[in-house]
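Okay, structure first, notes after.
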Amino acid sequence: MSRIAYVNGQYEHHLTAAVHIEDRGYQFSDGVYEVIAIHRGKLIDMAGHMTRLTRSLDELEIAWPVSPRALDVIIREVIRRNRIRDGIVYMQITRGVAPRNHAFPPHHNSALVVTAKRFPPFDFDAANKGVGVITTPEIRWQRRDIKTVSLLGNCLAKEQAIRAGCYEAWFVEDDGNITEGTSSNAWIVSADGDLVTRDASNAILNGITRLSIMKVAREHGIEFTERAFSVDEAKMAREAFVSSTTSFVKPVLTIDGDPVGDGTVGPLSAKLLAFFGEHMKAQSA
């Protein structure tokens, strides 16, 4: 079956779908995006993603291309046409097409693209095997809280991680503190047993899965702290893991080749992965 994409009012075959060469997303990375997991045919944490999309658009002063309600209908239609039961839906909104000029165009004709992709059902056993991460200098701009399509720094760091045989790279500021991963939020269980993740600010993207993990942690009486933590503290931690829409909770076993704890999946990481699985099932029931 051919994949179907939505592009500016039309449902088109994925292979031939296109945007104009002067779309500002192509010219300037002048746009935002969201990725939502689909589990058993249901969208996971949809409300949170829409709230963050609204904030990103507001921060960049990009107009909605359609109403939020219409976007919801389009997303679900793209999923239906692609017969996605497990996978993701991707939406991108740019400032639209205009002659190349750094200043904003006078019009508000935002451009919208929505695609969907099928993945195998999430394998919780595979996730529990754990991954490695590397650390790399923080080279990105100062508004990481906006989910912009400008991801060159993330791509460079991700490629560095892949070449090192690792799953993810954690960005490190000049003061030695970790911000986040290239496509995930960073967590540790400190040497004292505290669950810690970087506080939400302009320094990180406030992940929707990050927020859901906090929610399920509260529901199960697990305390956590939002604060900065250093590479040294992470390497001394009992456990570490990353969270994102596509990885959910993925234990980290090594940082720069050094084992985290005893180098195996920690009990709290495994527990939070199981709790998040219950959170997903509740939305897809």
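Just remember, in the structure tokens the first chain shown is A, the second B, etc., residues are 1-based per chain, and ligands are 1-based in the order shown.
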
Set out as JSON lines a contact list for region 128-208 of chain A and region 261-275 of chain A with a cut-off of 8 Å, giving each residue of region 128-208 of chain A that qualifies its closest atom pair and distance in Å to one decimal, counting only C-alpha atoms, ordered by chain and rising residue number.
```
{"residue": "A:Asn128", "atom": "CA", "partner": "A:Ala270", "partner_atom": "CA", "distance": 6.6}
{"residue": "A:Lys129", "atom": "CA", "partner": "A:Val265", "partner_atom": "CA", "distance": 6.9}
{"residue": "A:Gly130", "atom": "CA", "partner": "A:Val265", "partner_atom": "CA", "distance": 6.3}
{"residue": "A:Val189", "atom": "CA", "partner": "A:Leu268", "partner_atom": "CA", "distance": 8.0}
```

Quick one: residues within 9 Å of Pro105 (chain A), only C-alpha atoms counted, chain neighbours fewer than 4 positions away excluded, as a list in words? Arg95, Gly96, Val97, Ala98, Pro99 and Asn101 of chain A

task: With a distance cut-off of 7 Å and only C-alpha atoms, select the neighbouring residues of region 88-93 of chain A, excluding the residue or stretch itself and same-chain residues fewer than 5 positions from it, and output the selection as an MDAnalysis selection string.
output: chainID A and resid 31:38 110:118

Selection file, C-alpha atoms, as an mmCIF file, in the first residue's frame:
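The resulting file, out.cif, is shown below:
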```cif
data_model
loop_
_atom_site.group_PDB
_atom_site.id
_atom_site.type_symbol
_atom_site.label_atom_id
_atom_site.label_comp_id
_atom_site.auth_asym_id
_atom_site.auth_seq_id
_atom_site.Cartn_x
_atom_site.Cartn_y
_atom_site.Cartn_z
ATOM 1 C CA GLY A 31 8.950 26.159 11.371
ATOM 2 C CA VAL A 32 7.984 23.774 14.143
ATOM 3 C CA TYR A 33 6.993 20.136 14.379
ATOM 4 C CA GLU A 34 5.538 17.438 16.620
ATOM 5 C CA VAL A 35 5.815 13.648 16.622
ATOM 6 C CA ILE A 36 3.075 11.604 18.306
ATOM 7 C CA ALA A 37 3.249 7.889 19.038
ATOM 8 C CA ILE A 38 0.460 5.620 17.836
ATOM 9 C CA SER A 110 1.431 28.923 7.048
ATOM 10 C CA ALA A 111 2.227 25.586 5.442
ATOM 11 C CA LEU A 112 1.194 22.228 6.918
ATOM 12 C CA VAL A 113 2.571 18.748 6.249
ATOM 13 C CA VAL A 114 1.360 15.606 8.040
ATOM 14 C CA THR A 115 2.817 12.132 7.508
ATOM 15 C CA ALA A 116 2.523 8.805 9.307
ATOM 16 C CA LYS A 117 4.839 5.833 9.542
ATOM 17 C CA ARG A 118 4.256 2.257 10.646
#
```

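The smallest atom-to-atom distance between His279 (chain A) and any of A:Ala203, A:Ile134, A:Ile74, A:Ile44, using only C-alpha atoms, is found for A:Ile44.
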
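The list of residues with at least one atom within 10 Å of Cys155 (chain A), based on only C-alpha atoms and without residues fewer than 6 positions apart in the same chain, reads Ala161, Thr182 and Ser183 of chain A.
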
Could the residues in this selection be saved with N, CA and C atoms as a PDB file, in the first residue's frame?
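And here is the file that came out, part.pdb:
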```pdb
ATOM      1  N   ALA A 161      27.244   9.954  17.864  1.00  0.00           N
ATOM      2  CA  ALA A 161      26.879   8.825  18.721  1.00  0.00           C
ATOM      3  C   ALA A 161      26.832   7.518  17.936  1.00  0.00           C
ATOM      4  N   THR A 182      19.954  14.298  21.885  1.00  0.00           N
ATOM      5  CA  THR A 182      19.646  14.872  20.584  1.00  0.00           C
ATOM      6  C   THR A 182      18.165  14.758  20.252  1.00  0.00           C
ATOM      7  N   SER A 183      17.523  13.722  20.771  1.00  0.00           N
ATOM      8  CA  SER A 183      16.089  13.526  20.516  1.00  0.00           C
ATOM      9  C   SER A 183      15.401  12.928  21.745  1.00  0.00           C
TER      10      SER A 183
END
```

Practice item. Please report, as a PyMOL selection string, each residue of region 16-219 of chain A to which DSSP assigns strand (DSSP E) when run on this structure's backbone. Key: chain A and resi 31-39+42-43+87-94+111-118+131-137+168-172+177-181+185-189+195-197

- Got a sec: who's within 12 Å of region 210-221 of chain A, counting only C-alpha atoms, leaving out chain neighbours fewer than 6 positions off, as a ChimeraX atom specification? /A:44-49,52,180,183-187,195-200,204,241-250,268-269,271-280,282

Can those selected residues be exported to a file as a compact mmCIF listing (two decimals), in the first residue's frame so that it contains N, CA and C atoms?
```txt
# COMPACT_ATOMS: atom_id res chain seq x y z
N ILE A 44 -0.97 8.64 21.54
CA ILE A 44 -0.52 8.69 22.92
C ILE A 44 -0.16 10.12 23.32
N ASP A 45 -0.75 10.59 24.41
CA ASP A 45 -0.48 11.93 24.96
C ASP A 45 -0.77 13.03 23.93
N MET A 46 -1.84 12.87 23.19
CA MET A 46 -2.21 13.83 22.15
C MET A 46 -2.38 15.25 22.71
N ALA A 47 -3.06 15.37 23.83
CA ALA A 47 -3.33 16.71 24.39
C ALA A 47 -2.02 17.43 24.71
N GLY A 48 -1.06 16.73 25.28
CA GLY A 48 0.22 17.35 25.60
C GLY A 48 0.95 17.82 24.37
N HIS A 49 0.93 17.02 23.31
CA HIS A 49 1.60 17.42 22.08
C HIS A 49 0.94 18.65 21.45
N ARG A 52 1.97 21.74 23.42
CA ARG A 52 3.33 22.18 23.10
C ARG A 52 3.40 22.78 21.70
N GLU A 180 20.31 17.70 27.62
CA GLU A 180 19.40 16.66 27.13
C GLU A 180 20.08 15.90 26.01
N SER A 183 17.52 13.72 20.77
CA SER A 183 16.09 13.53 20.52
C SER A 183 15.40 12.93 21.75
N SER A 184 15.92 13.25 22.92
CA SER A 184 15.37 12.66 24.14
C SER A 184 15.76 13.52 25.34
N ASN A 185 15.05 13.31 26.44
CA ASN A 185 15.43 13.91 27.71
C ASN A 185 16.28 12.95 28.51
N ALA A 186 17.15 13.48 29.36
CA ALA A 186 18.10 12.69 30.14
C ALA A 186 17.66 12.59 31.59
N TRP A 187 17.80 11.40 32.16
CA TRP A 187 17.43 11.12 33.56
C TRP A 187 18.54 10.33 34.22
N LEU A 195 15.72 10.25 41.92
CA LEU A 195 15.40 10.34 40.50
C LEU A 195 15.51 11.80 40.08
N VAL A 196 16.34 12.08 39.08
CA VAL A 196 16.66 13.46 38.70
C VAL A 196 16.56 13.63 37.19
N THR A 197 15.99 14.76 36.76
CA THR A 197 16.01 15.15 35.37
C THR A 197 16.17 16.66 35.31
N ARG A 198 16.72 17.17 34.22
CA ARG A 198 16.97 18.60 34.09
C ARG A 198 15.65 19.37 34.18
N ASP A 199 15.68 20.50 34.90
CA ASP A 199 14.49 21.33 35.03
C ASP A 199 14.11 21.95 33.69
N ALA A 200 12.82 22.12 33.48
CA ALA A 200 12.31 22.69 32.23
C ALA A 200 12.61 24.18 32.17
N ILE A 204 16.22 23.17 27.58
CA ILE A 204 15.80 21.85 27.08
C ILE A 204 14.41 21.94 26.46
N PHE A 241 18.61 6.81 32.28
CA PHE A 241 17.78 6.43 31.14
C PHE A 241 17.41 7.67 30.34
N VAL A 242 16.91 7.46 29.14
CA VAL A 242 16.42 8.54 28.30
C VAL A 242 14.93 8.33 28.07
N SER A 243 14.25 9.41 27.75
CA SER A 243 12.81 9.32 27.46
C SER A 243 12.49 10.14 26.21
N SER A 244 11.58 9.62 25.40
CA SER A 244 11.13 10.33 24.21
C SER A 244 9.87 9.66 23.68
N THR A 245 9.26 10.29 22.68
CA THR A 245 8.04 9.74 22.09
C THR A 245 8.28 8.38 21.46
N THR A 246 9.45 8.17 20.87
CA THR A 246 9.71 6.91 20.16
C THR A 246 10.46 5.88 21.00
N SER A 247 11.21 6.33 22.02
CA SER A 247 11.94 5.37 22.86
C SER A 247 11.24 5.13 24.19
N PHE A 248 10.26 5.97 24.54
CA PHE A 248 9.53 5.89 25.80
C PHE A 248 10.53 5.96 26.97
N VAL A 249 10.83 4.87 27.64
CA VAL A 249 11.86 4.85 28.67
C VAL A 249 12.92 3.84 28.23
N LYS A 250 14.15 4.33 27.99
CA LYS A 250 15.21 3.44 27.52
C LYS A 250 16.39 3.53 28.47
N LEU A 268 14.69 0.89 39.08
CA LEU A 268 13.75 2.00 38.93
C LEU A 268 13.48 2.27 37.45
N SER A 269 14.51 2.19 36.62
CA SER A 269 14.32 2.36 35.17
C SER A 269 13.33 1.33 34.64
N LYS A 271 11.09 -0.30 36.32
CA LYS A 271 9.77 -0.05 36.90
C LYS A 271 9.05 1.08 36.16
N LEU A 272 9.77 2.16 35.86
CA LEU A 272 9.16 3.28 35.16
C LEU A 272 8.76 2.90 33.74
N LEU A 273 9.56 2.05 33.08
CA LEU A 273 9.18 1.56 31.76
C LEU A 273 7.88 0.77 31.84
N ALA A 274 7.75 -0.07 32.84
CA ALA A 274 6.52 -0.85 33.01
C ALA A 274 5.33 0.06 33.30
N PHE A 275 5.54 1.06 34.16
CA PHE A 275 4.47 2.00 34.49
C PHE A 275 4.05 2.79 33.26
N PHE A 276 5.04 3.18 32.43
CA PHE A 276 4.70 3.93 31.21
C PHE A 276 3.94 3.04 30.24
N GLY A 277 4.29 1.75 30.21
CA GLY A 277 3.53 0.83 29.38
C GLY A 277 2.07 0.78 29.80
N GLU A 278 1.80 0.80 31.10
CA GLU A 278 0.43 0.82 31.60
C GLU A 278 -0.26 2.12 31.19
N HIS A 279 0.49 3.22 31.24
CA HIS A 279 -0.03 4.53 30.84
C HIS A 279 -0.46 4.50 29.35
N MET A 280 0.33 3.87 28.52
CA MET A 280 0.00 3.74 27.10
C MET A 280 -1.23 2.86 26.89
N ALA A 282 -3.64 2.32 28.89
CA ALA A 282 -4.85 2.99 29.37
C ALA A 282 -5.42 3.91 28.29
```

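Nearest-residue note for Gly132 (chain A): choosing from A:His102, A:Glu77, A:Gly181, A:Glu223, the minimum distance belongs to A:Gly181, counting only C-alpha atoms.
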
request  = Pull the alpha helix (DSSP H) assignments for region 66-264 of chain A out of DSSP run on the backbone, and list those residues as a PyMOL selection string.
outcome  = chain A and resi 68-82+124-127+152-163+208-219+231-235

As a check of understanding: the span from CA of Ala157 (chain A) to CA of Arg140 (chain A) is 10.4 Å

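Our summary of the geometry notes that CA of Thr16 (chain A) is positioned 25.0 Å from CA of Leu152 (chain A).
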
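Coordinates place CA of Asn206 (chain A) at a distance of 6.4 Å from CA of Asp145 (chain A).
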
Contacts of Ala5 (chain A) at 9 Å (only C-alpha atoms; same-chain gap of 4+ positions) as a PDB file with C-alpha atoms, in the first residue's frame:
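Listing of around02.pdb after writing:
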```
ATOM      1  CA  GLN A  10      -4.285  17.790  -0.313  1.00  0.00           C
ATOM      2  CA  TYR A  11      -3.803  14.091   0.443  1.00  0.00           C
ATOM      3  CA  GLU A  12      -1.016  12.922  -1.845  1.00  0.00           C
ATOM      4  CA  HIS A  13       1.187   9.879  -2.429  1.00  0.00           C
ATOM      5  CA  HIS A  14       4.158  10.105  -0.094  1.00  0.00           C
ATOM      6  CA  LEU A  15       6.761   9.638  -2.837  1.00  0.00           C
ATOM      7  CA  ALA A  17       4.325  14.918  -2.139  1.00  0.00           C
ATOM      8  CA  VAL A  78      -3.680  10.447   7.653  1.00  0.00           C
ATOM      9  CA  ARG A  81      -5.440   6.271   5.128  1.00  0.00           C
ATOM     10  CA  ASN A  82      -2.086   4.725   6.035  1.00  0.00           C
ATOM     11  CA  VAL A 113       2.571  18.748   6.249  1.00  0.00           C
ATOM     12  CA  VAL A 114       1.360  15.606   8.040  1.00  0.00           C
ATOM     13  CA  THR A 115       2.817  12.132   7.508  1.00  0.00           C
ATOM     14  CA  ALA A 116       2.523   8.805   9.307  1.00  0.00           C
TER      15      ALA A 116
END
```

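For the set A:Gly207, A:Ile62, A:Ala126, A:Val131, the residue with the smallest atom-to-atom gap to His108 (chain A) is A:Ile62, counting only C-alpha atoms.
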
Q.
I'd like the contact shell of Asp86 (chain A) - 7 Å cut-off, only C-alpha atoms, skipping same-chain residues fewer than 4 positions apart - returned as a VMD selection string.
A. chain A and resid 38 to 41 118 to 121

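Minimum distance to Ala70 (chain A) across A:Thr209, A:Gly165, A:Val19, A:Gly9 (counting only C-alpha atoms) occurs at A:Gly9.
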